[in-house]
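Student: This is final00.txt, which holds compact mmCIF, C-alpha atoms:
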```
# COMPACT_ATOMS: atom_id res chain seq x y z
CA MET A 1 -7.53 0.73 24.07
CA ALA A 2 -10.87 -0.94 23.38
CA LYS A 3 -10.60 -4.67 22.91
CA LYS A 4 -12.33 -6.50 20.11
CA SER A 5 -15.19 -8.82 21.02
CA GLU A 6 -13.15 -11.77 19.77
CA SER A 7 -11.30 -11.73 23.11
CA SER A 8 -14.49 -12.83 24.87
CA GLY A 9 -15.60 -16.42 25.24
CA LEU A 10 -18.97 -15.51 23.74
CA TYR A 11 -17.45 -14.34 20.48
CA ALA A 12 -15.26 -17.43 20.22
CA GLU A 13 -18.26 -19.69 20.88
CA LEU A 14 -20.40 -17.98 18.24
CA LYS A 15 -17.62 -18.23 15.70
CA ARG A 16 -17.13 -21.93 16.45
CA GLN A 17 -20.84 -22.65 15.96
CA ILE A 18 -20.92 -20.80 12.65
CA LEU A 19 -17.87 -22.62 11.28
CA GLU A 20 -19.37 -25.97 12.30
CA ARG A 21 -22.53 -25.24 10.32
CA VAL A 22 -20.85 -23.92 7.16
CA ASP A 23 -21.15 -26.27 4.16
CA LEU A 24 -17.50 -26.52 3.04
CA SER A 25 -18.42 -28.77 0.07
CA ARG A 26 -19.52 -25.74 -1.96
CA GLU A 27 -18.93 -22.01 -2.23
CA VAL A 28 -21.01 -20.10 0.29
CA SER A 29 -22.19 -16.64 -0.75
CA ASP A 30 -21.98 -13.58 1.49
CA GLU A 31 -25.78 -13.56 1.74
CA GLU A 32 -25.85 -17.17 2.97
CA MET A 33 -23.09 -16.44 5.48
CA GLN A 34 -25.00 -13.44 6.82
CA GLU A 35 -28.14 -15.54 7.21
CA LEU A 36 -26.18 -18.22 9.09
CA ILE A 37 -24.61 -15.60 11.37
CA ASP A 38 -28.06 -14.11 12.03
CA GLU A 39 -29.43 -17.53 13.00
CA VAL A 40 -26.57 -18.34 15.38
CA VAL A 41 -26.51 -14.92 17.05
CA LEU A 42 -30.31 -14.82 17.36
CA SER A 43 -30.35 -18.29 18.94
CA CYS A 44 -27.63 -17.33 21.39
CA GLY A 45 -29.36 -14.03 22.13
CA LYS A 46 -32.51 -15.81 23.23
CA GLU A 47 -30.52 -17.87 25.70
CA ARG A 48 -28.35 -15.07 27.10
CA HIS A 49 -30.76 -12.14 26.64
CA PHE A 50 -28.17 -9.58 25.53
CA PRO A 51 -29.51 -6.32 23.99
CA LEU A 52 -30.26 -5.67 20.32
CA ASN A 53 -27.34 -3.28 19.77
CA GLU A 54 -24.94 -5.94 21.13
CA ARG A 55 -26.38 -8.54 18.73
CA CYS A 56 -25.99 -6.14 15.78
CA ARG A 57 -22.39 -5.42 16.74
CA LEU A 58 -21.58 -9.12 17.08
CA LYS A 59 -23.15 -9.94 13.70
CA GLN A 60 -21.10 -7.23 11.96
CA GLU A 61 -17.84 -8.25 13.64
CA LEU A 62 -18.40 -11.92 12.83
CA PHE A 63 -19.17 -11.19 9.20
CA TYR A 64 -16.11 -8.91 8.85
CA ASP A 65 -13.99 -11.61 10.52
CA LEU A 66 -15.23 -14.56 8.45
CA ARG A 67 -15.74 -12.95 5.02
CA LYS A 68 -13.97 -9.59 4.93
CA LEU A 69 -10.80 -8.04 6.38
CA ASP A 70 -11.72 -8.24 10.05
CA VAL A 71 -11.26 -4.97 11.99
CA LEU A 72 -9.91 -3.22 8.87
CA GLN A 73 -13.23 -3.58 7.05
CA GLU A 74 -14.88 -0.81 9.07
CA LEU A 75 -12.11 1.60 8.02
CA LEU A 76 -12.28 0.45 4.39
CA GLU A 77 -15.96 1.31 4.28
CA ASP A 78 -15.28 4.79 5.66
CA ARG A 79 -14.51 6.96 2.61
CA GLY A 80 -13.14 9.69 4.87
CA VAL A 81 -10.13 7.51 5.72
CA THR A 82 -7.34 8.06 3.18
CA GLU A 83 -4.63 5.80 4.62
CA ILE A 84 -4.57 2.82 7.00
CA MET A 85 -1.39 1.71 8.79
CA VAL A 86 -1.16 -1.54 10.76
CA ASN A 87 1.95 -1.69 12.96
CA GLY A 88 1.83 -5.37 13.85
CA THR A 89 -0.03 -5.88 17.11
CA ASP A 90 1.17 -2.47 18.37
CA GLY A 91 -1.87 -0.75 16.93
CA ILE A 92 -3.68 0.60 13.88
CA PHE A 93 -3.23 4.19 12.72
CA LEU A 94 -5.23 6.08 10.11
CA GLU A 95 -5.16 9.31 8.15
CA ARG A 96 -8.30 11.41 7.89
CA GLU A 97 -8.31 14.89 6.32
CA GLY A 98 -4.52 14.85 6.35
CA LYS A 99 -4.24 14.14 10.09
CA LEU A 100 -2.85 10.95 11.63
CA SER A 101 -4.53 9.34 14.62
CA ARG A 102 -4.56 6.02 16.44
CA TRP A 103 -7.66 3.85 16.08
CA GLU A 104 -9.24 2.41 19.19
CA LYS A 105 -9.56 -1.08 17.71
CA SER A 106 -6.83 -3.61 16.97
CA PHE A 107 -6.33 -7.16 15.78
CA ALA A 108 -6.85 -9.87 18.37
CA SER A 109 -3.59 -11.64 17.50
CA GLU A 110 -0.64 -11.68 15.14
CA GLU A 111 -2.04 -14.89 13.62
CA LYS A 112 -5.15 -12.99 12.53
CA ILE A 113 -3.00 -10.32 10.87
CA GLN A 114 -1.14 -13.07 9.02
CA ASP A 115 -4.45 -14.53 7.83
CA ILE A 116 -5.56 -11.16 6.49
CA ILE A 117 -2.20 -10.63 4.76
CA GLN A 118 -2.42 -13.99 2.97
CA GLN A 119 -6.01 -13.23 1.99
CA ILE A 120 -4.99 -9.89 0.44
CA ALA A 121 -1.92 -11.27 -1.33
CA GLY A 122 -3.70 -14.38 -2.61
CA ALA A 123 -6.56 -12.35 -4.08
CA CYS A 124 -4.18 -10.68 -6.54
CA ASN A 125 -1.87 -13.67 -7.11
CA ARG A 126 1.00 -12.35 -4.99
CA VAL A 127 3.27 -14.41 -2.75
CA VAL A 128 4.47 -13.12 0.62
CA ASN A 129 6.35 -15.18 3.21
CA GLU A 130 9.60 -15.17 5.19
CA SER A 131 11.70 -15.76 2.09
CA GLN A 132 9.84 -13.00 0.20
CA PRO A 133 8.76 -10.68 3.03
CA ILE A 134 7.97 -7.50 1.05
CA VAL A 135 5.15 -7.28 -1.47
CA ASP A 136 2.89 -4.75 -3.16
CA ALA A 137 -0.72 -5.79 -3.67
CA ARG A 138 -4.15 -4.27 -4.15
CA LEU A 139 -7.66 -4.73 -2.86
CA LYS A 140 -10.64 -5.44 -5.11
CA ASN A 141 -11.63 -1.77 -4.99
CA GLY A 142 -8.19 -0.73 -6.29
CA ASP A 143 -6.70 0.47 -2.98
CA ARG A 144 -2.91 0.02 -2.88
CA VAL A 145 -1.48 -2.32 -0.22
CA HIS A 146 2.14 -2.60 0.90
CA ILE A 147 3.05 -5.54 3.16
CA VAL A 148 6.23 -6.23 5.14
CA LEU A 149 6.67 -9.40 7.20
CA GLN A 150 9.15 -10.61 9.77
CA PRO A 151 12.13 -10.83 10.00
CA ILE A 152 12.23 -7.53 8.09
CA ALA A 153 9.41 -6.06 10.18
CA VAL A 154 10.76 -6.12 13.74
CA ASN A 155 7.50 -5.29 15.54
CA GLY A 156 5.33 -7.73 13.61
CA PRO A 157 3.55 -7.74 10.23
CA ILE A 158 3.15 -4.28 8.71
CA ILE A 159 0.26 -3.37 6.40
CA THR A 160 -0.06 0.03 4.75
CA ILE A 161 -3.17 0.72 2.66
CA ARG A 162 -3.36 3.80 0.44
CA ARG A 163 -6.99 4.62 -0.31
CA PHE A 164 -8.20 5.98 -3.64
CA PRO A 165 -11.46 7.80 -4.38
CA ALA A 166 -14.44 5.53 -5.05
CA GLU A 167 -15.05 7.56 -8.21
CA PRO A 168 -12.10 8.36 -10.52
CA MET A 169 -10.73 11.84 -10.00
CA THR A 170 -11.71 14.33 -12.70
CA MET A 171 -10.13 17.60 -13.66
CA GLN A 172 -13.35 19.38 -12.72
CA ARG A 173 -13.09 18.06 -9.16
CA LEU A 174 -9.48 19.26 -8.97
CA LEU A 175 -10.71 22.68 -10.14
CA ASP A 176 -13.42 22.67 -7.48
CA MET A 177 -10.79 21.81 -4.86
CA GLU A 178 -8.60 24.68 -6.15
CA SER A 179 -5.75 22.25 -6.74
CA ILE A 180 -5.32 23.64 -10.25
CA SER A 181 -6.39 26.81 -12.06
CA GLU A 182 -8.71 26.87 -15.06
CA GLU A 183 -5.94 28.30 -17.24
CA GLU A 184 -3.61 25.44 -16.28
CA ALA A 185 -6.33 22.86 -16.92
CA LEU A 186 -7.03 24.26 -20.38
CA PHE A 187 -3.33 24.34 -21.18
CA LEU A 188 -2.86 20.70 -20.11
CA LYS A 189 -5.97 19.67 -22.06
CA ASP A 190 -4.43 21.09 -25.23
CA ALA A 191 -1.03 19.59 -24.40
CA VAL A 192 -2.51 16.10 -24.00
CA ARG A 193 -4.55 16.39 -27.20
CA ALA A 194 -1.45 17.59 -29.06
CA GLY A 195 0.65 14.64 -27.86
CA TYR A 196 3.07 16.30 -25.43
CA SER A 197 4.82 13.72 -23.26
CA ILE A 198 4.22 14.58 -19.62
CA LEU A 199 6.04 13.51 -16.45
CA ILE A 200 4.17 14.08 -13.18
CA ALA A 201 6.53 14.54 -10.24
CA GLY A 202 6.14 15.19 -6.52
CA GLY A 203 6.71 13.82 -3.05
CA THR A 204 4.94 10.96 -1.32
CA GLY A 205 1.22 11.67 -0.94
CA SER A 206 1.28 14.69 -3.25
CA GLY A 207 -1.41 13.20 -5.50
CA LYS A 208 0.60 12.02 -8.53
CA THR A 209 -1.56 8.99 -9.30
CA THR A 210 -4.75 10.96 -8.72
CA PHE A 211 -3.58 13.71 -11.06
CA LEU A 212 -2.58 11.21 -13.75
CA ASN A 213 -6.09 9.73 -13.58
CA ALA A 214 -7.60 13.17 -14.10
CA LEU A 215 -5.20 14.05 -16.90
CA SER A 216 -6.07 10.87 -18.80
CA GLU A 217 -9.62 12.11 -19.46
CA TYR A 218 -8.15 14.38 -22.14
CA ILE A 219 -6.79 11.45 -24.20
CA PRO A 220 -8.70 11.19 -27.51
CA GLN A 221 -11.03 8.17 -27.51
CA GLU A 222 -9.78 6.84 -30.83
CA GLU A 223 -6.28 6.18 -29.51
CA ARG A 224 -4.85 2.87 -28.24
CA VAL A 225 -3.37 3.24 -24.75
CA VAL A 226 -1.16 0.72 -22.94
CA VAL A 227 -0.99 1.11 -19.13
CA ILE A 228 1.92 -0.48 -17.22
CA GLU A 229 2.06 -0.63 -13.42
CA ASP A 230 3.78 -2.44 -10.57
CA THR A 231 0.37 -2.88 -8.96
CA ALA A 232 -2.71 -2.00 -10.99
CA GLU A 233 -4.34 1.07 -9.45
CA LEU A 234 -4.86 3.66 -12.18
CA GLN A 235 -8.46 4.42 -13.14
CA ILE A 236 -8.17 5.41 -16.79
CA GLN A 237 -11.60 6.44 -18.07
CA GLY A 238 -13.06 7.06 -21.51
CA VAL A 239 -10.50 5.08 -23.52
CA PRO A 240 -12.18 2.07 -25.21
CA ASN A 241 -8.93 0.69 -26.70
CA LEU A 242 -7.16 0.23 -23.37
CA VAL A 243 -4.56 -2.43 -22.48
CA ARG A 244 -3.56 -2.84 -18.81
CA MET A 245 -0.51 -4.80 -17.66
CA GLU A 246 0.87 -5.50 -14.20
CA THR A 247 4.26 -6.79 -13.06
CA ARG A 248 4.71 -10.20 -11.49
CA ALA A 249 7.15 -11.18 -8.78
CA ALA A 250 9.09 -14.44 -8.95
CA GLY A 251 6.99 -17.19 -7.43
CA THR A 252 7.68 -20.44 -5.70
CA GLU A 253 6.53 -22.66 -8.59
CA ASP A 254 9.06 -21.75 -11.28
CA CYS A 255 7.17 -18.53 -11.86
CA THR A 256 9.52 -16.08 -13.59
CA GLU A 257 9.62 -12.43 -12.62
CA ILE A 258 8.03 -9.92 -15.03
CA THR A 259 9.32 -6.39 -14.43
CA ILE A 260 8.31 -2.92 -15.57
CA ARG A 261 11.23 -3.07 -18.01
CA ASP A 262 9.85 -6.27 -19.53
CA LEU A 263 6.38 -4.78 -19.88
CA ILE A 264 7.62 -1.56 -21.50
CA ARG A 265 9.53 -3.62 -24.08
CA ALA A 266 6.46 -5.77 -24.69
CA SER A 267 4.21 -2.71 -25.05
CA LEU A 268 6.26 -1.43 -27.99
CA ARG A 269 4.99 -4.44 -30.00
CA MET A 270 1.33 -3.72 -29.20
CA ARG A 271 0.94 -0.76 -31.53
CA PRO A 272 0.30 1.78 -28.74
CA SER A 273 -0.63 5.37 -29.48
CA ARG A 274 0.46 6.25 -25.96
CA ILE A 275 2.13 4.40 -23.11
CA ILE A 276 1.32 5.20 -19.49
CA VAL A 277 3.79 3.93 -16.88
CA GLY A 278 2.28 4.27 -13.42
CA GLU A 279 5.59 5.15 -11.78
CA VAL A 280 9.29 4.82 -12.53
CA ARG A 281 11.49 4.00 -9.55
CA GLY A 282 14.65 2.51 -11.01
CA ALA A 283 16.33 1.06 -14.07
CA GLU A 284 13.06 0.92 -16.03
CA THR A 285 13.46 4.68 -16.54
CA PHE A 286 15.80 3.93 -19.46
CA GLU A 287 13.07 1.93 -21.23
CA LEU A 288 10.59 4.75 -20.58
CA LEU A 289 12.93 7.31 -22.16
CA THR A 290 13.49 4.93 -25.06
CA CYS A 291 9.79 4.67 -25.84
CA LEU A 292 9.39 8.46 -25.48
CA ASN A 293 12.10 8.86 -28.11
CA THR A 294 10.68 6.30 -30.55
CA GLY A 295 7.47 7.96 -31.69
CA HIS A 296 5.10 7.40 -28.76
CA ASP A 297 4.16 11.04 -28.25
CA GLY A 298 1.75 11.88 -25.49
CA SER A 299 2.94 9.23 -23.05
CA PHE A 300 2.71 9.79 -19.28
CA SER A 301 4.50 8.62 -16.17
CA THR A 302 5.13 9.70 -12.56
CA CYS A 303 8.18 9.79 -10.31
CA HIS A 304 9.17 10.92 -6.83
CA ALA A 305 11.10 14.18 -6.68
CA ASN A 306 11.57 17.21 -4.41
CA SER A 307 11.38 19.87 -7.14
CA THR A 308 11.17 20.27 -10.89
CA ARG A 309 14.94 20.55 -11.26
CA ASP A 310 15.43 17.62 -8.90
CA THR A 311 13.20 15.55 -11.22
CA ILE A 312 15.91 15.69 -13.88
CA SER A 313 18.56 14.50 -11.41
CA ARG A 314 16.26 11.70 -10.25
CA LEU A 315 15.78 10.48 -13.82
CA GLU A 316 19.54 10.50 -14.40
CA THR A 317 20.17 8.51 -11.23
CA MET A 318 17.46 5.96 -12.02
CA VAL A 319 18.83 5.32 -15.50
CA LEU A 320 22.31 4.78 -14.02
CA MET A 321 20.84 2.18 -11.64
CA GLY A 322 20.41 -0.13 -14.62
CA MET A 323 23.30 0.62 -16.95
CA GLU A 324 26.43 2.66 -17.37
CA LEU A 325 25.88 5.46 -19.86
CA PRO A 326 27.55 8.85 -20.30
CA LEU A 327 25.62 11.46 -18.33
CA GLN A 328 25.34 13.65 -21.40
CA ALA A 329 23.68 10.84 -23.35
CA ILE A 330 21.11 10.39 -20.57
CA ARG A 331 20.40 14.11 -20.42
CA ARG A 332 19.87 14.26 -24.17
CA GLN A 333 17.38 11.40 -23.93
CA ILE A 334 15.52 13.31 -21.20
CA ALA A 335 15.59 16.57 -23.14
CA SER A 336 14.38 14.88 -26.31
CA GLY A 337 11.74 12.59 -24.81
CA ILE A 338 9.98 14.66 -22.11
CA ASP A 339 8.04 17.76 -23.11
CA LEU A 340 6.46 18.87 -19.84
CA ILE A 341 7.05 18.28 -16.11
CA VAL A 342 4.05 18.79 -13.83
CA TYR A 343 5.23 19.19 -10.23
CA LEU A 344 2.75 18.59 -7.39
CA GLY A 345 3.12 19.30 -3.70
CA ARG A 346 1.37 18.94 -0.37
CA LEU A 347 1.22 22.20 1.57
CA ARG A 348 1.27 22.83 5.32
CA ASP A 349 -2.52 22.64 5.53
CA LYS A 350 -2.31 19.15 3.92
CA SER A 351 -3.93 20.38 0.71
CA ARG A 352 -2.52 19.08 -2.57
CA ARG A 353 -1.71 21.67 -5.22
CA LEU A 354 -0.19 21.86 -8.65
CA LEU A 355 2.92 23.91 -7.88
CA GLU A 356 4.64 24.14 -11.27
CA ILE A 357 4.26 23.31 -14.95
CA THR A 358 7.62 23.43 -16.69
CA GLU A 359 8.56 22.88 -20.32
CA VAL A 360 11.69 20.89 -21.19
CA THR A 361 13.17 22.84 -24.10
CA GLY A 362 16.34 20.88 -24.89
CA MET A 363 19.94 21.33 -23.84
CA GLU A 364 21.81 24.42 -22.71
CA GLY A 365 25.44 23.46 -22.70
CA GLU A 366 25.65 20.34 -20.54
CA GLN A 367 22.37 20.88 -18.69
CA VAL A 368 18.74 20.11 -19.54
CA ALA A 369 17.04 23.44 -20.23
CA LEU A 370 13.79 24.19 -18.40
CA ASN A 371 11.18 26.86 -19.21
CA PRO A 372 8.76 27.51 -16.29
CA LEU A 373 5.21 28.08 -17.61
CA PHE A 374 3.02 28.17 -14.46
CA SER A 375 3.82 28.51 -10.78
CA PHE A 376 1.83 28.59 -7.53
CA ARG A 377 2.44 31.67 -5.36
CA GLU A 378 1.24 31.62 -1.75
CA THR A 379 -0.64 34.76 -0.70
CA GLY A 380 -1.69 34.02 2.86
CA GLN A 381 -3.78 31.79 5.09
CA VAL A 382 -7.49 31.94 5.91
CA SER A 383 -9.12 29.70 8.55
CA GLY A 384 -6.15 27.37 8.44
CA ARG A 385 -6.23 26.98 4.64
CA ILE A 386 -3.35 28.27 2.55
CA CYS A 387 -4.42 30.69 -0.18
CA GLY A 388 -2.51 31.45 -3.34
CA VAL A 389 -2.64 32.11 -7.07
CA GLN A 390 -1.51 30.06 -10.04
CA GLU A 391 0.53 32.47 -12.15
CA ARG A 392 1.69 32.15 -15.73
CA THR A 393 5.46 32.62 -15.67
CA GLY A 394 6.41 31.89 -19.26
CA GLU A 395 5.29 31.05 -22.80
CA LEU A 396 5.50 27.67 -24.50
CA LYS A 397 8.48 27.52 -26.85
CA ASN A 398 7.93 24.14 -28.48
CA ILE A 399 4.76 24.94 -30.42
CA GLU A 400 5.20 22.42 -33.24
CA LYS A 401 3.00 19.73 -31.71
CA MET A 402 0.27 22.27 -30.94
CA ALA A 403 0.43 23.49 -34.53
CA ARG A 404 0.26 19.96 -35.98
CA ALA A 405 -2.79 19.26 -33.82
CA GLY A 406 -4.49 22.41 -35.12
CA ILE A 407 -4.59 23.95 -31.64
CA PHE A 408 -1.91 26.64 -31.65
CA LYS A 409 -2.94 29.97 -33.20
CA GLY A 410 -0.33 32.51 -32.30
CA ARG A 411 1.01 32.15 -28.78
CA SER A 412 0.79 29.48 -26.09
CA GLY A 413 -2.27 31.00 -24.44
CA ASP A 414 -4.36 31.07 -27.64
CA THR A 415 -6.08 27.76 -28.24
CA SER A 416 -8.98 26.58 -30.26
```
Show how you would write the structure in this file as structure tokens.

Tutor:
Amino acid sequence: MAKKSESSGLYAELKRQILERVDLSREVSDEEMQELIDEVVLSCGKERHFPLNERCRLKQELFYDLRKLDVLQELLEDRGVTEIMVNGTDGIFLEREGKLSRWEKSFASEEKIQDIIQQIAGACNRVVNESQPIVDARLKNGDRVHIVLQPIAVNGPIITIRRFPAEPMTMQRLLDMESISEEEALFLKDAVRAGYSILIAGGTGSGKTTFLNALSEYIPQEERVVVIEDTAELQIQGVPNLVRMETRAAGTEDCTEITIRDLIRASLRMRPSRIIVGEVRGAETFELLTCLNTGHDGSFSTCHANSTRDTISRLETMVLMGMELPLQAIRRQIASGIDLIVYLGRLRDKSRRLLEITEVTGMEGEQVALNPLFSFRETGQVSGRICGVQERTGELKNIEKMARAGIFKGRSGDTS
């Protein structure tokens, strides 16, 4: 494994000289720091006569070390990298085009990893230490960061960074990527405009957050939207009247915890047209179902699930994590509050596809009734890429919202 220049005495000496010359009495800009690094490296280069490419490499590494996220910065500036995984000092792994690989670079020490972790957490007002060793955070560009420290992390500090596109995902881009069919996109456009409440489900890495971003472009501009997340990462576009809220963990200075449940309750007093909950993972699911059943049509959320039917079971379980309610009462809340379930998946070729759109039609006996509307059918494989067709498998039964919105004309496929 290639070792970082910091292990050399030259790198350490350059860094020491730079830190000695930094004016700590005021805030130093990145431009000033780069100029100072240039001066120190150039001066040293004249004495030691090392080549130009070595000077350029040293200047970049020093700047990343002193002002950015050290060895991670190079990966963060590579838009082809979709996930970064730091396994303590054991190594750095990355995902590119759906494939995992080990990076040749690594942190010089565990202390440096700790410095980077505190820098990330502090930038978004999060606390992470031995007494609170697990935290979710985000980078300035919106990338999601999950941190685990010792003693929970046995092999040293763990950092996992989920990258998001520099530009918000649009439905047109999903169409170009063949993740969704034009017929499905038009149907969802009408469903959002008409105020159907939509739950986006799928496994880890299936693209739930990305799809929610794309779906939000169909929200009418005149509406007031409240967005609630554990860690702010959604990129809602085209909604001027937008309120964004983020949870807060309990801090060390009498800082009370603010949960998703608290924020959903607070949002109901903000006169929202729609409420978007980034993801439900536990007891807050009850509050989500409550707001879906109290006149906030057109709200969105996401959850982890292995299938459309499994999504219903997951919702039931998550509600029961917070309170004891009869299962039938929970199912009726689900049947009444959720109109559509959009199920996403990641196929063998690592491509992300919309696999199913299913309507929730109410109750059939003791079970939530589902009406499949669209389904992905695999047809083969060409050059390693899975091919298939998005088929319509049913017709929308709940047409009242489409009719009130002036969209429905005769059957679910006929729209204005």

Student: Quick one: which region 184-264 of chain A residues come within 12 Å of region 372-393 of chain A, and what is the nearest atom pair for each with the distance in Å to one decimal, counting all atoms listed in the file, rows ordered by chain and ascending number, as CSV?

Tutor:
```
residue,atom,partner,partner_atom,distance
A:Glu184,CA,A:Phe374,CA,7.4
A:Ala185,CA,A:Phe374,CA,11.0
A:Phe187,CA,A:Leu373,CA,10.0
A:Leu188,CA,A:Phe374,CA,11.1
```

Student: Set the distance at 6 Å and use only C-alpha atoms: which residues neighbour His304 (chain A) once local chain neighbours fewer than 6 positions away are removed? I'd like the list as a list in words.

Tutor: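 Using only C-alpha atoms, the neighbours found are Ala201, Gly202 and Gly203 of chain A.
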
Student: Could you give me, as a PyMOL selection string, the residues within 10 Å of Ala153 (chain A), counting only C-alpha atoms and dropping anything in the same chain fewer than 5 positions from it?

Tutor: chain A and resi 87-88+133-134+147-148+158

Student: Which protein, DNA or RNA residues are at most 12 Å from (-1.5, -10.0, 5.1) in the file's coordinates when you count only C-alpha atoms, listed as a PyMOL selection string?

Tutor: chain A and resi 69-70+72+86-88+110-124+126-129+133-139+145-150+156-161

Student: For Ser206 (chain A), work out the shell of residues within 10 Å, counting only C-alpha atoms and skipping chain neighbours fewer than 3 positions away, then give it as a JSON list (two decimals) with C-alpha atoms, keeping the file's coordinate frame.

Tutor:
```
[["chain", "number", "residue", "atom", "x", "y", "z"],
["A", 201, "ALA", "CA", 6.53, 14.54, -10.24],
["A", 202, "GLY", "CA", 6.14, 15.19, -6.52],
["A", 203, "GLY", "CA", 6.71, 13.82, -3.05],
["A", 209, "THR", "CA", -1.56, 8.99, -9.30],
["A", 210, "THR", "CA", -4.75, 10.96, -8.72],
["A", 211, "PHE", "CA", -3.58, 13.71, -11.06],
["A", 304, "HIS", "CA", 9.17, 10.92, -6.83],
["A", 343, "TYR", "CA", 5.23, 19.19, -10.23],
["A", 344, "LEU", "CA", 2.75, 18.59, -7.39],
["A", 345, "GLY", "CA", 3.12, 19.30, -3.70],
["A", 346, "ARG", "CA", 1.37, 18.94, -0.37],
["A", 347, "LEU", "CA", 1.22, 22.20, 1.57],
["A", 350, "LYS", "CA", -2.31, 19.15, 3.92],
["A", 351, "SER", "CA", -3.93, 20.38, 0.71],
["A", 352, "ARG", "CA", -2.52, 19.08, -2.57],
["A", 353, "ARG", "CA", -1.71, 21.67, -5.22],
["A", 354, "LEU", "CA", -0.19, 21.86, -8.65]]
```

Student: Dump as a list in words all residues having an atom at most 6 Å from (4.5, 25.3, -21.2), computed in the file's coordinates with only C-alpha atoms.

Tutor: Thr358, Glu359, Leu373 and Leu396 of chain A

Student: Store the residues picked out above in a file with C-alpha atoms, as a PDB file, keeping the file's coordinate frame.

Tutor:
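part_38.pdb, written as the output of this step:
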```
ATOM      1  CA  THR A 358       7.620  23.430 -16.690  1.00  0.00           C
ATOM      2  CA  GLU A 359       8.560  22.880 -20.320  1.00  0.00           C
ATOM      3  CA  LEU A 373       5.210  28.080 -17.610  1.00  0.00           C
ATOM      4  CA  LEU A 396       5.500  27.670 -24.500  1.00  0.00           C
TER       5      LEU A 396
END
```

Student: One decimal, in Å: what's the spacing between CA of Arg162 (chain A) and CA of Leu75 (chain A)?

Tutor: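 These atoms are spaced 11.8 Å apart.
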
Student: With 12 Å as the cut-off and all atoms listed in the file counted, what is the closest atom pair between each nearby residue of region 291-315 of chain A and region 260-274 of chain A? Distances in Å to one decimal, ordered by chain and number, as a tab-separated table.

Tutor:
```
residue	atom	partner	partner_atom	distance
A:Cys291	CA	A:Leu268	CA	7.4
A:Leu292	CA	A:Arg274	CA	9.2
A:Asn293	CA	A:Leu268	CA	11.8
A:Thr294	CA	A:Leu268	CA	9.3
A:Gly295	CA	A:Ser273	CA	8.8
A:His296	CA	A:Arg274	CA	5.5
A:Asp297	CA	A:Arg274	CA	6.5
A:Gly298	CA	A:Arg274	CA	5.8
A:Ser299	CA	A:Arg274	CA	4.8
A:Phe300	CA	A:Arg274	CA	7.9
A:Ser301	CA	A:Arg274	CA	10.9
```

Student: Nearest residue to Arg348 (chain A) out of A:Lys99, A:Leu288, A:Thr170, A:Ile180, using only C-alpha atoms?

Tutor: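 Of all the options, A:Lys99 lies closest to Arg348 (chain A).
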
Student: Mind working out the centre and edge lengths of an axis-aligned box for region 383-401 of chain A, all listed atoms inside, 6 Å added to each side, rounded to one decimal in Å and written as JSON?

Tutor:
```
{"center_x": -0.3, "center_y": 26.2, "center_z": -12.3, "size_x": 29.6, "size_y": 24.9, "size_z": 53.8}
```

Student: Grab the CA of Gln367 (chain A) to CA of Leu340 (chain A) distance for me, in Å with one decimal place.

Tutor: 16.1 Å

Student: Could you check which of A:Arg21, A:Glu27, A:Phe164, A:Val243 is closest to Ile84 (chain A), using all atoms listed in the file?

Tutor: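 Looking only at the distances to Ile84 (chain A), the closest residue turns out to be A:Phe164.
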
Student: Quick one: residues within 8 Å of Val41 (chain A), all atoms listed in the file counted, chain neighbours fewer than 2 positions away excluded, as a count of residues only?

Tutor: 10

Student: What separation in Å, quoted to one decimal, exists between CA of Phe286 (chain A) and CA of Ala335 (chain A)?

Tutor: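 Distance between the two atoms: 13.2 Å.
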
Student: Taking only C-alpha atoms into account, name the residue in A:Ala403, A:Ile18, A:Val319, A:Ala283 that is nearest to Glu35 (chain A).

Tutor: A:Ile18

Student: I'd like the contact shell of Gly337 (chain A) - 8 Å cut-off, all atoms listed in the file, skipping same-chain residues fewer than 3 positions apart - returned as a count of residues only.

Tutor: 7
